[in-house]
Amino acid sequence: KGTVSTKFSYWTSTDSGKSWTDQSAKFGENVIISLMQGSDIDKDRMVFLESSETKRDKRAIFVSSDGMKTFTEVALPAGVTANSITFHPTNSDWFLIQDFAKLTLWVSRDFGQTLTKLSDNVSPQQVYWGEESYEKLSADEDDNYGKKNWERVVHFERFTKNNFLRNYEIMSCLIPECSSAGEKYDDLKKYSSQNDMAEGSFRSENGFLFFESRMNFISLLHVSYQRGRFERAIFPAEVAHEDFHIIATNQNFVLLAVKHTGGISNVYVSDER
């Protein structure tokens, strides 16, 4: 028999790497950090996620709002391990975390001091904040948490179960209770649910929503632009397609690589929308 020792250490430098200071003690004894993430709009705000390899009963996140000079340990709900974090694009107090093992999605609106569960059965790494220029919410509507605006919109992939089979769909809702974002979003969810959405195929960026499905062993790509209804992407009919890789979505068009049957791959560009 043998033992495996996993040691974590965290070092910082303030002189472009010429010298380093060991900061590991700030996380406590034998704590292993799996991921570090900072806010794009406030460089002093950092969150460190504790690894599931740490040998203690409850997991935590460590938050710093002063450029990592000090840290605050915040205990996670019982049984939860944070595997990913997604900061809000315009509010550094807000972020999403996922537990990949339990497939849960959580939101914090106070820089980690409290967490609210948004959903179960969420696909890992298939979570996106809303986009200011493209979300279509009814103007001047309020609820118990304030304005129903684009900042509160979250898009993610999740599944429901039917006789042990998983049916995947795109869910768009408002934090913190995952309330409905409106009829347009409900229609997008319905379409994805009814078209055999493939696991792990959801993507949201620059006003586009994408997902894949399968029909007769052929992959299909479905696209929504500016939250309009989904349309099937059309490719040359003479070559069947197996997989898609989206390269770019800027400037109102899509550049993507398509893997076809027979080992052929092509790059396509969409019509400008």
# chains A, B, ... in the order shown; residues from 1 in each chain; ligands from 1

call {"tool": "closest_atom_pairs", "arguments": {"of": "region 41-86 of chain A", "to": "region 25-28 of chain A", "cutoff": "8 Å", "atoms": "only C-alpha atoms", "output": "CSV"}}
result
residue,atom,partner,partner_atom,distance
A:Phe62,CA,A:Phe27,CA,7.5
A:Thr70,CA,A:Lys26,CA,7.7
A:Phe71,CA,A:Lys26,CA,6.9
A:Glu73,CA,A:Phe27,CA,7.8

call {"tool": "select_by_dssp", "arguments": {"residues": "region 12-110 of chain A", "states": "helix (DSSP H, G or I)", "output": "list in words"}}
result
Ser24, Ala25, Lys26 and Phe27 of chain A

call {"tool": "write_last_selection", "arguments": {"atoms": "N, CA and C atoms", "output": "mmCIF file, in the first residue's frame"}}
result
data_model
loop_
_atom_site.group_PDB
_atom_site.id
_atom_site.type_symbol
_atom_site.label_atom_id
_atom_site.label_comp_id
_atom_site.auth_asym_id
_atom_site.auth_seq_id
_atom_site.Cartn_x
_atom_site.Cartn_y
_atom_site.Cartn_z
ATOM 1 N N SER A 24 0.397 30.711 0.220
ATOM 2 C CA SER A 24 -0.415 29.513 0.441
ATOM 3 C C SER A 24 -1.110 29.515 1.802
ATOM 4 N N ALA A 25 -0.456 30.091 2.808
ATOM 5 C CA ALA A 25 -1.019 30.056 4.159
ATOM 6 C C ALA A 25 -2.352 30.796 4.254
ATOM 7 N N LYS A 26 -2.617 31.705 3.334
ATOM 8 C CA LYS A 26 -3.862 32.472 3.380
ATOM 9 C C LYS A 26 -5.089 31.598 3.115
ATOM 10 N N PHE A 27 -4.886 30.418 2.512
ATOM 11 C CA PHE A 27 -5.997 29.526 2.218
ATOM 12 C C PHE A 27 -6.218 28.474 3.297
#

call {"tool": "residues_around", "arguments": {"residues": "region 166-176 of chain A", "least_positions_apart": "4", "cutoff": "6 Å", "atoms": "only C-alpha atoms", "output": "list in words"}}
result
Arg152, Val153, Val154, His155, Phe156, Glu157, Arg158, Phe159, Thr160, Lys161, Ser180, Ala181, Lys189, Ser192, Ser193 and Met197 of chain A

call {"tool": "write_last_selection", "arguments": {"atoms": "N, CA and C atoms", "output": "mmCIF file, in the first residue's frame"}}
result
data_model
loop_
_atom_site.group_PDB
_atom_site.id
_atom_site.type_symbol
_atom_site.label_atom_id
_atom_site.label_comp_id
_atom_site.auth_asym_id
_atom_site.auth_seq_id
_atom_site.Cartn_x
_atom_site.Cartn_y
_atom_site.Cartn_z
ATOM 1 N N ARG A 152 -30.102 40.523 -15.910
ATOM 2 C CA ARG A 152 -30.529 39.383 -15.094
ATOM 3 C C ARG A 152 -30.741 38.110 -15.912
ATOM 4 N N VAL A 153 -30.523 38.174 -17.217
ATOM 5 C CA VAL A 153 -30.772 37.017 -18.070
ATOM 6 C C VAL A 153 -29.589 36.049 -18.027
ATOM 7 N N VAL A 154 -29.907 34.766 -17.900
ATOM 8 C CA VAL A 154 -28.919 33.692 -17.977
ATOM 9 C C VAL A 154 -29.437 32.646 -18.962
ATOM 10 N N HIS A 155 -28.552 32.179 -19.849
ATOM 11 C CA HIS A 155 -28.873 31.106 -20.793
ATOM 12 C C HIS A 155 -28.037 29.879 -20.423
ATOM 13 N N PHE A 156 -28.652 28.711 -20.437
ATOM 14 C CA PHE A 156 -27.880 27.502 -20.156
ATOM 15 C C PHE A 156 -28.568 26.279 -20.749
ATOM 16 N N GLU A 157 -27.799 25.222 -20.860
ATOM 17 C CA GLU A 157 -28.303 23.938 -21.351
ATOM 18 C C GLU A 157 -28.616 23.034 -20.160
ATOM 19 N N ARG A 158 -29.790 22.436 -20.185
ATOM 20 C CA ARG A 158 -30.158 21.516 -19.120
ATOM 21 C C ARG A 158 -30.949 20.355 -19.725
ATOM 22 N N PHE A 159 -31.239 19.358 -18.900
ATOM 23 C CA PHE A 159 -32.021 18.230 -19.391
ATOM 24 C C PHE A 159 -33.157 17.891 -18.439
ATOM 25 N N THR A 160 -34.199 17.314 -19.008
ATOM 26 C CA THR A 160 -35.273 16.695 -18.248
ATOM 27 C C THR A 160 -35.217 15.198 -18.521
ATOM 28 N N LYS A 161 -35.836 14.416 -17.667
ATOM 29 C CA LYS A 161 -35.791 12.964 -17.813
ATOM 30 C C LYS A 161 -37.161 12.426 -18.199
ATOM 31 N N SER A 180 -39.339 33.260 -15.499
ATOM 32 C CA SER A 180 -39.436 33.356 -16.953
ATOM 33 C C SER A 180 -38.928 34.706 -17.456
ATOM 34 N N ALA A 181 -38.160 34.661 -18.538
ATOM 35 C CA ALA A 181 -37.685 35.888 -19.181
ATOM 36 C C ALA A 181 -38.664 36.393 -20.228
ATOM 37 N N LYS A 189 -36.847 27.815 -25.981
ATOM 38 C CA LYS A 189 -36.715 26.600 -25.174
ATOM 39 C C LYS A 189 -37.541 25.466 -25.767
ATOM 40 N N SER A 192 -35.916 23.975 -28.954
ATOM 41 C CA SER A 192 -34.749 23.128 -28.679
ATOM 42 C C SER A 192 -35.170 21.796 -28.076
ATOM 43 N N SER A 193 -36.179 21.817 -27.218
ATOM 44 C CA SER A 193 -36.652 20.593 -26.577
ATOM 45 C C SER A 193 -37.294 19.645 -27.576
ATOM 46 N N MET A 197 -32.168 18.041 -29.197
ATOM 47 C CA MET A 197 -30.924 18.761 -28.952
ATOM 48 C C MET A 197 -29.834 17.827 -28.434
#

call {"tool": "select_by_dssp", "arguments": {"residues": "region 107-181 of chain A", "states": "strand (DSSP E)", "output": "MDAnalysis selection string"}}
result
chainID A and resid 107:108 116:119 122:129 142:143 146:147 153:162 165:174 179:180

call {"tool": "residues_around", "arguments": {"residues": "region 218-231 of chain A", "least_positions_apart": "4", "cutoff": "8 Å", "atoms": "only C-alpha atoms", "output": "list in words"}}
result
Tyr134, Glu135, Lys136, Lys184, Tyr185, Asp187, Leu188, Tyr191, Gly207, Phe208, Leu209, Phe210, Phe211, Glu212, Ser213, Arg214, Ala240, His241, Glu242, Asp243 and Phe244 of chain A

call {"tool": "atom_distance", "arguments": {"atom1": "CA of His245 (chain A)", "atom2": "CA of Asn195 (chain A)"}}
result
19.7 Å

call {"tool": "decode", "arguments": {"residues": "region 9-41 of chain A", "atoms": "N, CA and C atoms", "output": "PDB file, in the first residue's frame"}}
result
ATOM      1  N   SER A   9       0.423  25.104  -3.704  1.00  0.00           N
ATOM      2  CA  SER A   9       1.065  26.336  -3.254  1.00  0.00           C
ATOM      3  C   SER A   9       0.670  27.465  -4.192  1.00  0.00           C
ATOM      4  N   TYR A  10       0.571  28.661  -3.624  1.00  0.00           N
ATOM      5  CA  TYR A  10       0.139  29.834  -4.379  1.00  0.00           C
ATOM      6  C   TYR A  10       1.152  30.947  -4.154  1.00  0.00           C
ATOM      7  N   TRP A  11       1.691  31.481  -5.265  1.00  0.00           N
ATOM      8  CA  TRP A  11       2.739  32.482  -5.192  1.00  0.00           C
ATOM      9  C   TRP A  11       2.309  33.713  -5.973  1.00  0.00           C
ATOM     10  N   THR A  12       2.719  34.890  -5.503  1.00  0.00           N
ATOM     11  CA  THR A  12       2.416  36.139  -6.204  1.00  0.00           C
ATOM     12  C   THR A  12       3.703  36.918  -6.458  1.00  0.00           C
ATOM     13  N   SER A  13       3.640  37.718  -7.519  1.00  0.00           N
ATOM     14  CA  SER A  13       4.764  38.580  -7.867  1.00  0.00           C
ATOM     15  C   SER A  13       4.245  39.972  -8.180  1.00  0.00           C
ATOM     16  N   THR A  14       4.945  40.973  -7.686  1.00  0.00           N
ATOM     17  CA  THR A  14       4.577  42.364  -7.955  1.00  0.00           C
ATOM     18  C   THR A  14       5.631  43.095  -8.772  1.00  0.00           C
ATOM     19  N   ASP A  15       6.627  42.339  -9.272  1.00  0.00           N
ATOM     20  CA  ASP A  15       7.708  42.981 -10.031  1.00  0.00           C
ATOM     21  C   ASP A  15       7.970  42.227 -11.343  1.00  0.00           C
ATOM     22  N   SER A  16       6.862  41.841 -12.006  1.00  0.00           N
ATOM     23  CA  SER A  16       6.945  41.168 -13.315  1.00  0.00           C
ATOM     24  C   SER A  16       7.714  39.862 -13.263  1.00  0.00           C
ATOM     25  N   GLY A  17       7.594  39.138 -12.137  1.00  0.00           N
ATOM     26  CA  GLY A  17       8.170  37.807 -12.037  1.00  0.00           C
ATOM     27  C   GLY A  17       9.590  37.731 -11.555  1.00  0.00           C
ATOM     28  N   LYS A  18      10.194  38.860 -11.170  1.00  0.00           N
ATOM     29  CA  LYS A  18      11.582  38.839 -10.690  1.00  0.00           C
ATOM     30  C   LYS A  18      11.677  38.184  -9.314  1.00  0.00           C
ATOM     31  N   SER A  19      10.677  38.395  -8.483  1.00  0.00           N
ATOM     32  CA  SER A  19      10.652  37.773  -7.166  1.00  0.00           C
ATOM     33  C   SER A  19       9.221  37.311  -6.869  1.00  0.00           C
ATOM     34  N   TRP A  20       9.106  36.313  -5.981  1.00  0.00           N
ATOM     35  CA  TRP A  20       7.807  35.707  -5.702  1.00  0.00           C
ATOM     36  C   TRP A  20       7.629  35.537  -4.199  1.00  0.00           C
ATOM     37  N   THR A  21       6.355  35.639  -3.757  1.00  0.00           N
ATOM     38  CA  THR A  21       6.019  35.464  -2.348  1.00  0.00           C
ATOM     39  C   THR A  21       5.005  34.334  -2.220  1.00  0.00           C
ATOM     40  N   ASP A  22       5.281  33.394  -1.316  1.00  0.00           N
ATOM     41  CA  ASP A  22       4.376  32.269  -1.078  1.00  0.00           C
ATOM     42  C   ASP A  22       3.178  32.739  -0.250  1.00  0.00           C
ATOM     43  N   GLN A  23       1.982  32.642  -0.843  1.00  0.00           N
ATOM     44  CA  GLN A  23       0.760  33.088  -0.167  1.00  0.00           C
ATOM     45  C   GLN A  23      -0.122  31.917   0.255  1.00  0.00           C
ATOM     46  N   SER A  24       0.397  30.711   0.220  1.00  0.00           N
ATOM     47  CA  SER A  24      -0.415  29.513   0.441  1.00  0.00           C
ATOM     48  C   SER A  24      -1.110  29.515   1.802  1.00  0.00           C
ATOM     49  N   ALA A  25      -0.456  30.091   2.808  1.00  0.00           N
ATOM     50  CA  ALA A  25      -1.019  30.056   4.159  1.00  0.00           C
ATOM     51  C   ALA A  25      -2.352  30.796   4.254  1.00  0.00           C
ATOM     52  N   LYS A  26      -2.617  31.705   3.334  1.00  0.00           N
ATOM     53  CA  LYS A  26      -3.862  32.472   3.380  1.00  0.00           C
ATOM     54  C   LYS A  26      -5.089  31.598   3.115  1.00  0.00           C
ATOM     55  N   PHE A  27      -4.886  30.418   2.512  1.00  0.00           N
ATOM     56  CA  PHE A  27      -5.997  29.526   2.218  1.00  0.00           C
ATOM     57  C   PHE A  27      -6.218  28.474   3.297  1.00  0.00           C
ATOM     58  N   GLY A  28      -5.330  28.392   4.249  1.00  0.00           N
ATOM     59  CA  GLY A  28      -5.477  27.389   5.297  1.00  0.00           C
ATOM     60  C   GLY A  28      -4.678  26.140   4.981  1.00  0.00           C
ATOM     61  N   GLU A  29      -4.476  25.320   5.990  1.00  0.00           N
ATOM     62  CA  GLU A  29      -3.640  24.132   5.862  1.00  0.00           C
ATOM     63  C   GLU A  29      -4.309  23.069   4.985  1.00  0.00           C
ATOM     64  N   ASN A  30      -3.550  22.525   4.049  1.00  0.00           N
ATOM     65  CA  ASN A  30      -3.972  21.400   3.202  1.00  0.00           C
ATOM     66  C   ASN A  30      -5.130  21.723   2.267  1.00  0.00           C
ATOM     67  N   VAL A  31      -5.427  22.994   2.050  1.00  0.00           N
ATOM     68  CA  VAL A  31      -6.458  23.368   1.089  1.00  0.00           C
ATOM     69  C   VAL A  31      -5.849  23.392  -0.314  1.00  0.00           C
ATOM     70  N   ILE A  32      -6.524  22.744  -1.261  1.00  0.00           N
ATOM     71  CA  ILE A  32      -6.067  22.688  -2.646  1.00  0.00           C
ATOM     72  C   ILE A  32      -6.994  23.552  -3.498  1.00  0.00           C
ATOM     73  N   ILE A  33      -6.430  24.441  -4.272  1.00  0.00           N
ATOM     74  CA  ILE A  33      -7.210  25.328  -5.137  1.00  0.00           C
ATOM     75  C   ILE A  33      -7.189  24.753  -6.567  1.00  0.00           C
ATOM     76  N   SER A  34      -8.369  24.658  -7.165  1.00  0.00           N
ATOM     77  CA  SER A  34      -8.457  24.077  -8.509  1.00  0.00           C
ATOM     78  C   SER A  34      -8.553  25.125  -9.605  1.00  0.00           C
ATOM     79  N   LEU A  35      -9.055  26.326  -9.271  1.00  0.00           N
ATOM     80  CA  LEU A  35      -9.270  27.328 -10.315  1.00  0.00           C
ATOM     81  C   LEU A  35      -9.258  28.721  -9.710  1.00  0.00           C
ATOM     82  N   MET A  36      -8.699  29.666 -10.459  1.00  0.00           N
ATOM     83  CA  MET A  36      -8.696  31.072 -10.077  1.00  0.00           C
ATOM     84  C   MET A  36      -9.338  31.864 -11.211  1.00  0.00           C
ATOM     85  N   GLN A  37     -10.235  32.780 -10.872  1.00  0.00           N
ATOM     86  CA  GLN A  37     -10.902  33.575 -11.901  1.00  0.00           C
ATOM     87  C   GLN A  37     -11.057  35.005 -11.417  1.00  0.00           C
ATOM     88  N   GLY A  38     -10.811  35.963 -12.309  1.00  0.00           N
ATOM     89  CA  GLY A  38     -10.959  37.364 -11.960  1.00  0.00           C
ATOM     90  C   GLY A  38     -12.028  38.035 -12.794  1.00  0.00           C
ATOM     91  N   SER A  39     -12.550  39.132 -12.287  1.00  0.00           N
ATOM     92  CA  SER A  39     -13.547  39.908 -13.009  1.00  0.00           C
ATOM     93  C   SER A  39     -12.881  40.704 -14.128  1.00  0.00           C
ATOM     94  N   ASP A  40     -13.506  40.732 -15.295  1.00  0.00           N
ATOM     95  CA  ASP A  40     -12.957  41.491 -16.426  1.00  0.00           C
ATOM     96  C   ASP A  40     -13.083  42.995 -16.228  1.00  0.00           C
ATOM     97  N   ILE A  41     -13.999  43.419 -15.356  1.00  0.00           N
ATOM     98  CA  ILE A  41     -14.236  44.854 -15.192  1.00  0.00           C
ATOM     99  C   ILE A  41     -13.662  45.414 -13.893  1.00  0.00           C
TER     100      ILE A  41
END
